[in-house]
Protein chains: 4
Amino acid sequence: MAHTMDTRIDHLGEATLRSPIQSNRFINDDQRVLYNVFPEELLKSIEDGNAPPAFERAGAREQIYFDPKSCRAAIVSCGGLCPGINNVIRSLVMQLYYVYGVKEILGIRYGYKGLNKKWNIEPVSLTPEIVKGIHTLGGSFLSSSRGSQPIDSIVDRLEELKVNILFTIGGDGTLRGGHQISQEILKRGLKISVLGIPKTIDNDISYLAKSFGFETAFSAAVQSIESAHAEAAGAPNGIGLVKLMGRHSGFIAANAALAFKEVNFVLIPEVDFDLEGDRGLFKVLQQRLDQKSHAVIVVAEGAGQKYFQEEGNKDPSGNVKLGDIGIYLKNRIKDYFKSIQYEINLKYIDPSYIIRSVRANPNDTVFCGVLAQNAVHAAMAGKTNMVIGVWNNIFVHVPIELVTSKRKQINPHGSLWQGVLESTGQPGLINE
Amino acid sequence: MAHTMDTRIDHLGEATLRSPIQSNRFINDDQRVLYNVFPEELLKSIEDGNAPPAFERAGAREQIYFDPKSCRAAIVSCGGLCPGINNVIRSLVMQLYYVYGVKEILGIRYGYKGLNKKWNIEPVSLTPEIVKGIHTLGGSFLSSSRGSQPIDSIVDRLEELKVNILFTIGGDGTLRGGHQISQEILKRGLKISVLGIPKTIDNDISYLAKSFGFETAFSAAVQSIESAHAEAAGAPNGIGLVKLMGRHSGFIAANAALAFKEVNFVLIPEVDFDLEGDRGLFKVLQQRLDQKSHAVIVVAEGAGQKYFQEEGNKDPSGNVKLGDIGIYLKNRIKDYFKSIQYEINLKYIDPSYIIRSVRANPNDTVFCGVLAQNAVHAAMAGKTNMVIGVWNNIFVHVPIELVTSKRKQINPHGSLWQGVLESTGQPGLINE
Amino acid sequence: MAHTMDTRIDHLGEATLRSPIQSNRFINDDQRVLYNVFPEELLKSIEDGNAPPAFERAGAREQIYFDPKSCRAAIVSCGGLCPGINNVIRSLVMQLYYVYGVKEILGIRYGYKGLNKKWNIEPVSLTPEIVKGIHTLGGSFLSSSRGSQPIDSIVDRLEELKVNILFTIGGDGTLRGGHQISQEILKRGLKISVLGIPKTIDNDISYLAKSFGFETAFSAAVQSIESAHAEAAGAPNGIGLVKLMGRHSGFIAANAALAFKEVNFVLIPEVDFDLEGDRGLFKVLQQRLDQKSHAVIVVAEGAGQKYFQEEGNKDPSGNVKLGDIGIYLKNRIKDYFKSIQYEINLKYIDPSYIIRSVRANPNDTVFCGVLAQNAVHAAMAGKTNMVIGVWNNIFVHVPIELVTSKRKQINPHGSLWQGVLESTGQPGLINE
Amino acid sequence: MAHTMDTRIDHLGEATLRSPIQSNRFINDDQRVLYNVFPEELLKSIEDGNAPPAFERAGAREQIYFDPKSCRAAIVSCGGLCPGINNVIRSLVMQLYYVYGVKEILGIRYGYKGLNKKWNIEPVSLTPEIVKGIHTLGGSFLSSSRGSQPIDSIVDRLEELKVNILFTIGGDGTLRGGHQISQEILKRGLKISVLGIPKTIDNDISYLAKSFGFETAFSAAVQSIESAHAEAAGAPNGIGLVKLMGRHSGFIAANAALAFKEVNFVLIPEVDFDLEGDRGLFKVLQQRLDQKSHAVIVVAEGAGQKYFQEEGNKDPSGNVKLGDIGIYLKNRIKDYFKSIQYEINLKYIDPSYIIRSVRANPNDTVFCGVLAQNAVHAAMAGKTNMVIGVWNNIFVHVPIELVTSKRKQINPHGSLWQGVLESTGQPGLINE
């Protein structure tokens, strides 16, 4: 149940230093943001005698824990690329340097690998001069790597480097690593804050209304869909098939389809579909071609996995390897229409690397900047084992354990999916 | 007080027809979205014995009021341009036509003028074929006009045209007009629904978390700021001065500054500033030039109005005419530095028309589409005298009277402005 | 030898009607544009007693052949997509309609298929109202198809449709078809002009300084290379591999590499390369990784064909089917580094469909417009069996037979390739 | 007469060192590119007994003059911003450093000011690391200034800084300065090469087929015209009026109009027009509004100067100050329609600073790169007092004196202007 979720934030100790910020806008630790916005759920929790579930509000604290003069921060980015990583790095540095006066900031190269001494990767020093232009480029200025490293080695290295604050930019696996690091730090009695900046291009992390880079990603996907549409309309019975990111959640596919109005079918992991049968994809696609002579299909990479054998394979970050539904659909659709001697012209587009490596758009730039500002506020106040997120449009603190406890998915009975059905005109179910 | 706000929605009558939508996702009229997300405010209202203030949730209803077969809708857009108008028009038509089967849709040309018979402007018929590509262009496919028309004439014309639903896309004045039209309709005992789609590029309408086109607008403004920065950096003591929209609220200026990281001073209507004095703009600007040899200033058009005589002039839409703070600042800054024989190179950029006429970006395209979908759901269910909005990320119904009751502004003590101060490094107060 | 090339243009007959254009800028048929701009070649041809080789200059003629009132034009687009097709269609219609007063313009759908009655594809009527917005979209408004149709059927259909001018937008195969059509027309004694607008995204048609859409295409490719670079720099020993169009000529790859400065190796059909060996690709790539830890490779689709068996397969347009050098390189590079236990992270991007379906950029828009204007001038003057091209920055008439007589390629000893070598720093030869 | 033009290039002395470039593609000094491409002009010059006028071909020479090990280069950019300046700077540095091995490269800040010791501006050292990302930004990395400095002081400073090659990026005035500098160098018997990279956003320098940044500039202007069109179409009798750059030549206005198809009137310096009279602008504009209810006008800043008193004012670079035709037209048009009680809605857009400060587009990036490569080749070979240009699509050497001898303008009787008239449909003459 949502109302038993634990939103308490770990602290390294009492914050007793005066913040260098001149402001009358400080936030205090008692300020909360409600989890529920539907009154019935909320009233129920109150009737049950519980405080309504709520997150700690983010923002500058009047008292801080670390002395900026002697504080040393480190920043690491892990996992695959996502628009906005460089914006986050840049804003962390600017906020630490100019707002708090923290001048020692290390950039850890190649993800957690860079914190395992055995790989022999030296950190770089990050200054405003060095990072000031990095947000105009996609990718990660610090480079990245996949997979975990021994927690012991990481904490050894943090000690050795005399790091007080570690900012980890990464997804599920990275955040779980961050949690383990903070547990080990606690065990050793160290005073190192671990602050997560959740990165997931799929927008599938729970308890976070949105993740940075997601909007840029689905916006960049629009161009590929536009191309798929031009190709489809440009040949007899043209079919444009676009595979988009979304391992377990179809948010990119759904939003990209709403952002370009010529998509006819959206296939996502959350909604089962069949290929065969009277109401299966082949038949509804054929009907569309009969009527309009062209069609556009958008498929999330995690859709239709029932068509693959369970392989049990995992990639270095521990993610299950998916079957390639894009190639599979391409071949199956071609075979089907060939079998009924129906001429089609199918063009398949897989734009993943192009999408995830673009620079953040202006709205994501704003978002990354404020995320980083609040991450620094939280870290300087001595909070740890948490991520910065946004909920009901307000920036909040969320325990790492909570955000990694389950995955966010599209509700097939909710309004987003209803909007997609209305926009595409596709059947509610594409099933035998 | 927020908790006494009236969020009840007017209905034309009981909705008794079965919706043509095949779905198990219908929303019922009892579903609510809380206004407050801070527990203390909420608990206070409960302790006071009131139901917590909340909005009616938007979405498809199982029972509808109008029979799609005999229903005739009309769409009108009023006031200045804003990105996304064509997206809204397009999505209204698509939703009416394909989802509900309403085939008679009139496009009213040139705003409310087109509903006053004396101007002799014939409506156009809107079909999917006609509107399918209009969202790729900025502007308004239906064209627009400023100013009000006699309410009587408008309702006469609606009767004459046998309109059942009027969708009005417009700002403050337009929505007030919509309210008056719905009152006159009530008086005459007509069965015409008036549904507002709030349009404000300044994002300054209350009880709406965001307005369509706003994100596109501040994103488009980034290019001008980038140019201002290039010009400033390209000459000795270069100053780039950009005037952005924002008559009473500085949201565009603030967000554009957060979206491009080289802005040094943001001036908005909500925060007073002086030019003269030891901590006035001239002096802090001079300090910046002494240190860095260039500076970028972003000013919202409604800032610094204390420097103009009250003229009492109003434009045809009833808005107070503002003094031109951009030109004024340009001249005053030049004069100041001339007076102290300090060479500067000031370049002034006023990109307003370029910003407001661009096409909606992908995120606004999604937003406009869902707004329109929900507006049609509400209208078909017989609701009237309301606007579609979004609150806590959920689409809601809001009475027109409520949204026009006050203006939304940046809180100078809130986190948005705090973020701007941290990002620009400008002093909290620029005052004598 | 260039100076024996035949640049004479076929005419349907004497142009005796007064052009409706009010102008004092008419071009006459004697005006010529020199083929050679190097004096030694030119002087040699003069010494040999020949007139220097030169093209007929394009432009409005004072006397025209067809009476606009009774003239009927048809437009067809064939083969694969290319940016600018819609611009050409639009400008042909506008020029015919407004400048000459030709009101009957047929759009032939689905390429030459639409001119073979057996496929039962009705032409559409093209008016300014219909085409005015089509240039804002990629693709082809008229749709297209590959492959040839019987010349007899095409000319039958042209007679049946009472077409006087046929504008064919297409590549090599299409233009050869156009030549055959005009021969058959001649044989039948018909008065139908066949005007070609050469389309080749690869920019590989001879006697044409550039082809429409080429600049847009290589510009669009830059984004993919930028992504490849971000991916390469974002992982340990990252390699970004991009396959671009260019079946027989590497112009897109070469120009895209000059337009984005982080390309390290460009592989094109005109320059042989080896994978193995001390100076082969594997080794020079490894050296690059040793030094810089990342690399970007751009390969034209027609490069390295020696690595494939001759299959003799041809696609419906008669083009030889190439082996997929992109996939091949990806696999071979991975295998090589695996064999020497050298960790790499290779990301492969194939953006072809995304590139060829974008809308024309402003410069190509200008170019397409002027091409179309001049094509209409030529057709109205009764010229036939020719294409419109540009040579030494001047628009000219070129016989179809001449442009299809050989292919244009990058000169490995010329300045374009020299510039690529200097920009990338790659070895002049990548060979065993 | 063109055929008496002097295209001889000055040399500092004989080039006797072996180029470090490994190549079999060297160009020798005898290679020429013909000036004329029309045979009659060419044959005439031959009959007159003259060699046909031709430029020296650019490119790498086998023998060079400066020893890369001891050579010191300097780069300066002068005058107003233009897209591509940073590309040129970057490519000069890369070419000097990597291709020739010249490691000492000075960046002169703030134009010629930075070469006058009295202003106390220290040069910066330019390395590949420093310049590698600058082309992603508009503006000038070295900053700029207007106006001339005493030639003596400049040459003194060059001697003091031990500069061997000076690359000057700038327009008319800057190039004239470069010529004077090279004359003074000659007088003093110094061995300093002065190489000009002609910069003119207006594309108005003679003997150069095109100038860098011009294409980017007119392409960027399209967005403003698109906005003007949206504004015009969005209000009753809307008029969009856009002022574009073009002091003496209307190339930007003409090309931008050809690149966006909704322009109705283009006004340029080369073609006189009247406001009053039966065929003046007011009347033809009124006719357009009567028919279509909206209109778009593009005016080059140098058009219609007859409406201003000769002021004799000049700016610091010595350019005549023009009257502001944009503001003037705006006011006169408003007054005219007010005087006849004809409601219009005029929106005026002046996007100059936004256009000139954008980054170079891909095609200009290619062009800037090759310009810089060839400029370095020429300088290393000991050539001086010349600029790099392109003629008949081939890169050439042109004496500074020749390029500054007259201005390039649109020929009102030529094909570019004819194309504009056909595209806009405007009358050939807008005159009383």
# chains A, B, ... in the order shown; residues from 1 in each chain; ligands from 1
>>> interface_residues(of="chain A", to="chain D", cutoff="12 Å", atoms="only C-alpha atoms", output="ChimeraX atom specification")
/A:129-130,132-137
>>> residues_around(residues="range 26-39 of chain B", least_positions_apart="5", cutoff="8 Å", atoms="only C-alpha atoms", output="list in words")
Gln31, Arg32, Val33, Leu34, Tyr35, Val37, Phe38, Pro39, Pro52, Ala54 and Asn392 of chain A; Pro52, Pro53, Ala54, Phe55, Glu56, Arg57, Ala58, Gly59, Ala60, Arg61, Glu62, Trp391, Asn392, Ile394 and Val396 of chain B
>>> write_last_selection(atoms="N, CA and C atoms", output="compact mmCIF listing (two decimals), in the first residue's frame")
# COMPACT_ATOMS: atom_id res chain seq x y z
N GLN A 31 8.92 20.27 5.95
CA GLN A 31 8.03 20.53 4.82
C GLN A 31 7.86 19.27 3.98
N ARG A 32 6.62 18.98 3.64
CA ARG A 32 6.29 17.73 2.97
C ARG A 32 5.44 17.99 1.72
N VAL A 33 5.52 17.05 0.79
CA VAL A 33 4.69 17.09 -0.41
C VAL A 33 3.89 15.78 -0.44
N LEU A 34 2.58 15.90 -0.50
CA LEU A 34 1.71 14.73 -0.46
C LEU A 34 1.98 13.79 -1.62
N TYR A 35 1.92 12.51 -1.34
CA TYR A 35 2.03 11.52 -2.40
C TYR A 35 0.73 11.45 -3.21
N VAL A 37 -2.90 12.62 -4.72
CA VAL A 37 -3.68 13.81 -5.03
C VAL A 37 -5.15 13.47 -5.23
N PHE A 38 -5.50 12.21 -4.99
CA PHE A 38 -6.91 11.83 -5.06
C PHE A 38 -7.46 11.79 -3.64
N PRO A 39 -8.47 12.59 -3.35
CA PRO A 39 -8.90 12.76 -1.95
C PRO A 39 -9.29 11.44 -1.29
N PRO A 52 -0.71 11.19 6.28
CA PRO A 52 -0.77 10.90 4.85
C PRO A 52 0.63 10.75 4.28
N ALA A 54 3.88 11.19 2.33
CA ALA A 54 4.40 12.45 1.77
C ALA A 54 5.91 12.40 1.70
N ASN A 392 4.36 15.93 -8.04
CA ASN A 392 3.35 17.00 -8.09
C ASN A 392 4.01 18.35 -8.35
N PRO B 52 -11.65 18.96 1.44
CA PRO B 52 -10.46 19.61 0.90
C PRO B 52 -10.73 20.14 -0.51
N PRO B 53 -10.23 21.31 -0.83
CA PRO B 53 -10.50 21.87 -2.16
C PRO B 53 -9.93 20.96 -3.24
N ALA B 54 -10.72 20.74 -4.27
CA ALA B 54 -10.32 19.78 -5.31
C ALA B 54 -11.05 20.08 -6.60
N PHE B 55 -10.41 19.68 -7.71
CA PHE B 55 -11.00 19.87 -9.03
C PHE B 55 -11.66 18.59 -9.51
N GLU B 56 -12.66 18.78 -10.35
CA GLU B 56 -13.29 17.65 -11.03
C GLU B 56 -12.28 17.09 -12.03
N ARG B 57 -12.19 15.76 -12.07
CA ARG B 57 -11.23 15.15 -12.97
C ARG B 57 -11.78 15.09 -14.40
N ALA B 58 -10.94 15.36 -15.35
CA ALA B 58 -11.35 15.32 -16.76
C ALA B 58 -11.28 13.90 -17.29
N GLY B 59 -11.90 13.67 -18.44
CA GLY B 59 -11.82 12.36 -19.09
C GLY B 59 -13.14 11.95 -19.70
N ALA B 60 -13.11 10.84 -20.41
CA ALA B 60 -14.31 10.36 -21.09
C ALA B 60 -15.36 9.91 -20.08
N ARG B 61 -16.59 10.33 -20.29
CA ARG B 61 -17.72 9.90 -19.46
C ARG B 61 -18.49 8.80 -20.17
N GLU B 62 -19.07 7.91 -19.36
CA GLU B 62 -19.84 6.79 -19.95
C GLU B 62 -21.16 7.30 -20.54
N TRP B 391 -3.61 19.88 -13.38
CA TRP B 391 -3.24 20.21 -12.00
C TRP B 391 -2.63 18.97 -11.37
N ASN B 392 -1.48 19.13 -10.79
CA ASN B 392 -0.75 17.97 -10.25
C ASN B 392 -0.65 16.86 -11.30
N ILE B 394 -2.60 15.98 -13.61
CA ILE B 394 -3.83 15.31 -14.01
C ILE B 394 -4.75 16.34 -14.67
N VAL B 396 -7.99 18.31 -15.55
CA VAL B 396 -9.13 18.65 -14.69
C VAL B 396 -10.05 19.67 -15.37
>>> residues_around(residues="His229 in chain B", least_positions_apart="5", cutoff="10 Å", atoms="only C-alpha atoms", output="PyMOL selection string")
(chain B and resi 223-224+234+238-242+260-263+294-297+347) or (chain D and resi 138-139+357)
>>> residues_around(residues="Gly277 in chain B", least_positions_apart="2", cutoff="7 Å", atoms="only C-alpha atoms", output="list in words")
Leu275, Arg279, Gly280, Asn431 and Glu432 of chain B
>>> residues_around(residues="Ser249 in chain B", least_positions_apart="6", cutoff="8 Å", atoms="only C-alpha atoms", output="JSON, numbers by chain")
{"B": [202, 203, 204, 268, 269, 270, 300, 302, 408, 409, 410]}
>>> write_last_selection(atoms="C-alpha atoms", output="mmCIF file, in the first residue's frame")
data_model
loop_
_atom_site.group_PDB
_atom_site.id
_atom_site.type_symbol
_atom_site.label_atom_id
_atom_site.label_comp_id
_atom_site.auth_asym_id
_atom_site.auth_seq_id
_atom_site.Cartn_x
_atom_site.Cartn_y
_atom_site.Cartn_z
ATOM 1 C CA ASP B 202 2.922 34.110 -20.442
ATOM 2 C CA ASN B 203 1.694 31.085 -18.443
ATOM 3 C CA ASP B 204 -0.056 33.508 -16.089
ATOM 4 C CA ILE B 268 10.691 40.425 -14.063
ATOM 5 C CA PRO B 269 7.495 42.247 -13.125
ATOM 6 C CA GLU B 270 7.265 40.492 -9.763
ATOM 7 C CA ALA B 300 10.272 40.655 -19.223
ATOM 8 C CA GLY B 302 6.162 44.005 -17.824
ATOM 9 C CA LYS B 408 -0.593 33.627 -11.613
ATOM 10 C CA GLN B 409 2.819 35.119 -10.856
ATOM 11 C CA ILE B 410 6.292 34.047 -9.827
#
>>> residues_around(residues="Gly213 in chain C", least_positions_apart="6", cutoff="8 Å", atoms="only C-alpha atoms", output="list in words")
Cys82, Pro83, Gly84, Lys199, Thr200, Ile201, Ala360 and Asp364 of chain C
>>> residues_around(residues="Leu371 in chain A", least_positions_apart="4", cutoff="8 Å", atoms="only C-alpha atoms", output="ChimeraX atom specification")
/A:88,197,367,375,388-389,395
>>> write_last_selection(atoms="C-alpha atoms", output="mmCIF file, in the first residue's frame")
data_model
loop_
_atom_site.group_PDB
_atom_site.id
_atom_site.type_symbol
_atom_site.label_atom_id
_atom_site.label_comp_id
_atom_site.auth_asym_id
_atom_site.auth_seq_id
_atom_site.Cartn_x
_atom_site.Cartn_y
_atom_site.Cartn_z
ATOM 1 C CA VAL A 88 23.539 17.646 -14.634
ATOM 2 C CA ILE A 197 20.429 11.685 -9.709
ATOM 3 C CA PHE A 367 14.925 20.438 -15.265
ATOM 4 C CA ALA A 375 20.976 17.636 -5.141
ATOM 5 C CA ILE A 388 16.384 14.025 -6.034
ATOM 6 C CA GLY A 389 13.060 13.783 -7.772
ATOM 7 C CA PHE A 395 11.234 18.869 -6.002
#
>>> select_by_dssp(residues="range 197-416 of chain B", states="strand (DSSP E or B)", output="VMD selection string")
chain B and resid 197 to 198 205 238 to 244 265 to 267 273 294 to 300 314 320 345 to 349 383 to 384 386 to 391 394 to 399 407
>>> write_last_selection(atoms="N, CA and C atoms", output="short mmCIF file (atom, residue, chain, number, x, y, z; two decimals), in the first residue's frame")
data_model
loop_
_atom_site.label_atom_id
_atom_site.label_comp_id
_atom_site.auth_asym_id
_atom_site.auth_seq_id
_atom_site.Cartn_x
_atom_site.Cartn_y
_atom_site.Cartn_z
N ILE B 197 -10.44 26.70 -23.94
CA ILE B 197 -9.07 26.14 -23.94
C ILE B 197 -8.17 27.32 -23.62
N PRO B 198 -7.68 27.41 -22.40
CA PRO B 198 -6.96 28.63 -22.00
C PRO B 198 -5.65 28.79 -22.74
N ILE B 205 -2.13 32.23 -16.12
CA ILE B 205 -3.52 31.98 -15.71
C ILE B 205 -3.53 31.11 -14.46
N GLY B 238 30.75 44.03 -24.43
CA GLY B 238 29.47 43.77 -25.09
C GLY B 238 28.36 43.51 -24.09
N ILE B 239 27.19 44.08 -24.37
CA ILE B 239 26.01 43.81 -23.55
C ILE B 239 24.91 43.30 -24.48
N GLY B 240 24.38 42.14 -24.19
CA GLY B 240 23.23 41.62 -24.93
C GLY B 240 21.99 41.82 -24.10
N LEU B 241 21.03 42.54 -24.64
CA LEU B 241 19.80 42.84 -23.90
C LEU B 241 18.63 42.23 -24.67
N VAL B 242 17.90 41.34 -24.03
CA VAL B 242 16.78 40.66 -24.69
C VAL B 242 15.49 40.95 -23.95
N LYS B 243 14.51 41.44 -24.67
CA LYS B 243 13.18 41.62 -24.08
C LYS B 243 12.31 40.43 -24.44
N LEU B 244 11.73 39.81 -23.43
CA LEU B 244 10.86 38.66 -23.68
C LEU B 244 9.44 38.98 -23.22
N PHE B 265 21.55 38.64 -15.70
CA PHE B 265 20.52 39.39 -14.98
C PHE B 265 19.15 39.11 -15.59
N VAL B 266 18.21 38.74 -14.74
CA VAL B 266 16.83 38.55 -15.18
C VAL B 266 15.97 39.57 -14.45
N LEU B 267 15.21 40.34 -15.20
CA LEU B 267 14.34 41.36 -14.60
C LEU B 267 12.89 41.01 -14.91
N PHE B 273 13.18 46.59 -9.18
CA PHE B 273 14.63 46.87 -9.29
C PHE B 273 14.82 48.35 -9.57
N HIS B 294 31.75 41.18 -20.64
CA HIS B 294 30.48 41.08 -21.37
C HIS B 294 29.39 40.66 -20.40
N ALA B 295 28.14 40.91 -20.81
CA ALA B 295 27.01 40.61 -19.93
C ALA B 295 25.74 40.39 -20.75
N VAL B 296 24.85 39.55 -20.23
CA VAL B 296 23.56 39.31 -20.88
C VAL B 296 22.44 39.62 -19.89
N ILE B 297 21.49 40.42 -20.36
CA ILE B 297 20.34 40.81 -19.54
C ILE B 297 19.07 40.34 -20.23
N VAL B 298 18.19 39.69 -19.48
CA VAL B 298 16.88 39.31 -20.00
C VAL B 298 15.82 40.07 -19.21
N VAL B 299 14.97 40.79 -19.92
CA VAL B 299 13.94 41.57 -19.22
C VAL B 299 12.56 41.19 -19.75
N ALA B 300 11.66 40.91 -18.84
CA ALA B 300 10.27 40.65 -19.22
C ALA B 300 9.59 41.97 -19.54
N LYS B 314 -5.47 51.38 -23.04
CA LYS B 314 -5.72 49.94 -23.14
C LYS B 314 -5.79 49.55 -24.61
N VAL B 320 -3.93 46.72 -20.30
CA VAL B 320 -3.22 47.98 -20.11
C VAL B 320 -2.00 48.01 -21.03
N ASN B 345 29.29 48.07 -25.93
CA ASN B 345 28.64 47.74 -27.20
C ASN B 345 27.36 46.99 -26.90
N LEU B 346 26.25 47.70 -26.90
CA LEU B 346 24.98 47.09 -26.53
C LEU B 346 24.20 46.67 -27.76
N LYS B 347 23.74 45.42 -27.75
CA LYS B 347 22.88 44.93 -28.83
C LYS B 347 21.54 44.55 -28.21
N TYR B 348 20.48 45.09 -28.78
CA TYR B 348 19.14 44.89 -28.23
C TYR B 348 18.33 43.97 -29.14
N ILE B 349 17.71 42.96 -28.56
CA ILE B 349 16.95 41.98 -29.35
C ILE B 349 15.53 41.87 -28.78
N LYS B 383 -21.05 19.55 -20.16
CA LYS B 383 -20.47 20.54 -19.24
C LYS B 383 -20.27 21.86 -19.98
N THR B 384 -20.28 22.95 -19.24
CA THR B 384 -20.18 24.25 -19.88
C THR B 384 -19.58 25.27 -18.92
N MET B 386 -16.64 26.30 -18.53
CA MET B 386 -15.44 25.76 -17.88
C MET B 386 -14.26 25.74 -18.86
N VAL B 387 -13.09 25.54 -18.30
CA VAL B 387 -11.91 25.32 -19.13
C VAL B 387 -11.29 23.97 -18.75
N ILE B 388 -10.50 23.47 -19.72
CA ILE B 388 -9.69 22.28 -19.44
C ILE B 388 -8.32 22.73 -18.97
N GLY B 389 -7.88 22.12 -17.88
CA GLY B 389 -6.55 22.46 -17.39
C GLY B 389 -5.85 21.24 -16.87
N VAL B 390 -4.68 21.46 -16.30
CA VAL B 390 -3.93 20.34 -15.72
C VAL B 390 -3.49 20.79 -14.33
N TRP B 391 -3.61 19.88 -13.38
CA TRP B 391 -3.24 20.21 -12.00
C TRP B 391 -2.63 18.97 -11.37
N ILE B 394 -2.60 15.98 -13.61
CA ILE B 394 -3.83 15.31 -14.01
C ILE B 394 -4.75 16.34 -14.67
N PHE B 395 -5.41 15.92 -15.74
CA PHE B 395 -6.28 16.86 -16.44
C PHE B 395 -7.58 17.05 -15.66
N VAL B 396 -7.99 18.31 -15.55
CA VAL B 396 -9.13 18.65 -14.69
C VAL B 396 -10.05 19.67 -15.37
N HIS B 397 -11.23 19.79 -14.80
CA HIS B 397 -12.20 20.80 -15.21
C HIS B 397 -12.14 21.97 -14.22
N VAL B 398 -12.08 23.18 -14.75
CA VAL B 398 -12.03 24.36 -13.87
C VAL B 398 -13.05 25.38 -14.37
N PRO B 399 -13.87 25.91 -13.47
CA PRO B 399 -14.85 26.93 -13.90
C PRO B 399 -14.13 28.15 -14.48
N ARG B 407 -4.48 36.44 -11.24
CA ARG B 407 -3.39 36.15 -12.13
C ARG B 407 -2.33 35.30 -11.42
#
>>> atom_distance(atom1="CA of Ser148 in chain D", atom2="CA of Ser77 in chain D")
12.4 Å
>>> select_by_dssp(residues="range 18-153 of chain C", states="alpha helix (DSSP H)", output="NGL selection string")
:C and (39-47 or 85-94 or 128-131 or 151-153)
>>> atom_distance(atom1="CA of Ser140 in chain D", atom2="CA of Ile169 in chain D")
10.4 Å
>>> atom_distance(atom1="CA of Ala257 in chain D", atom2="CA of Gly101 in chain C")
22.0 Å
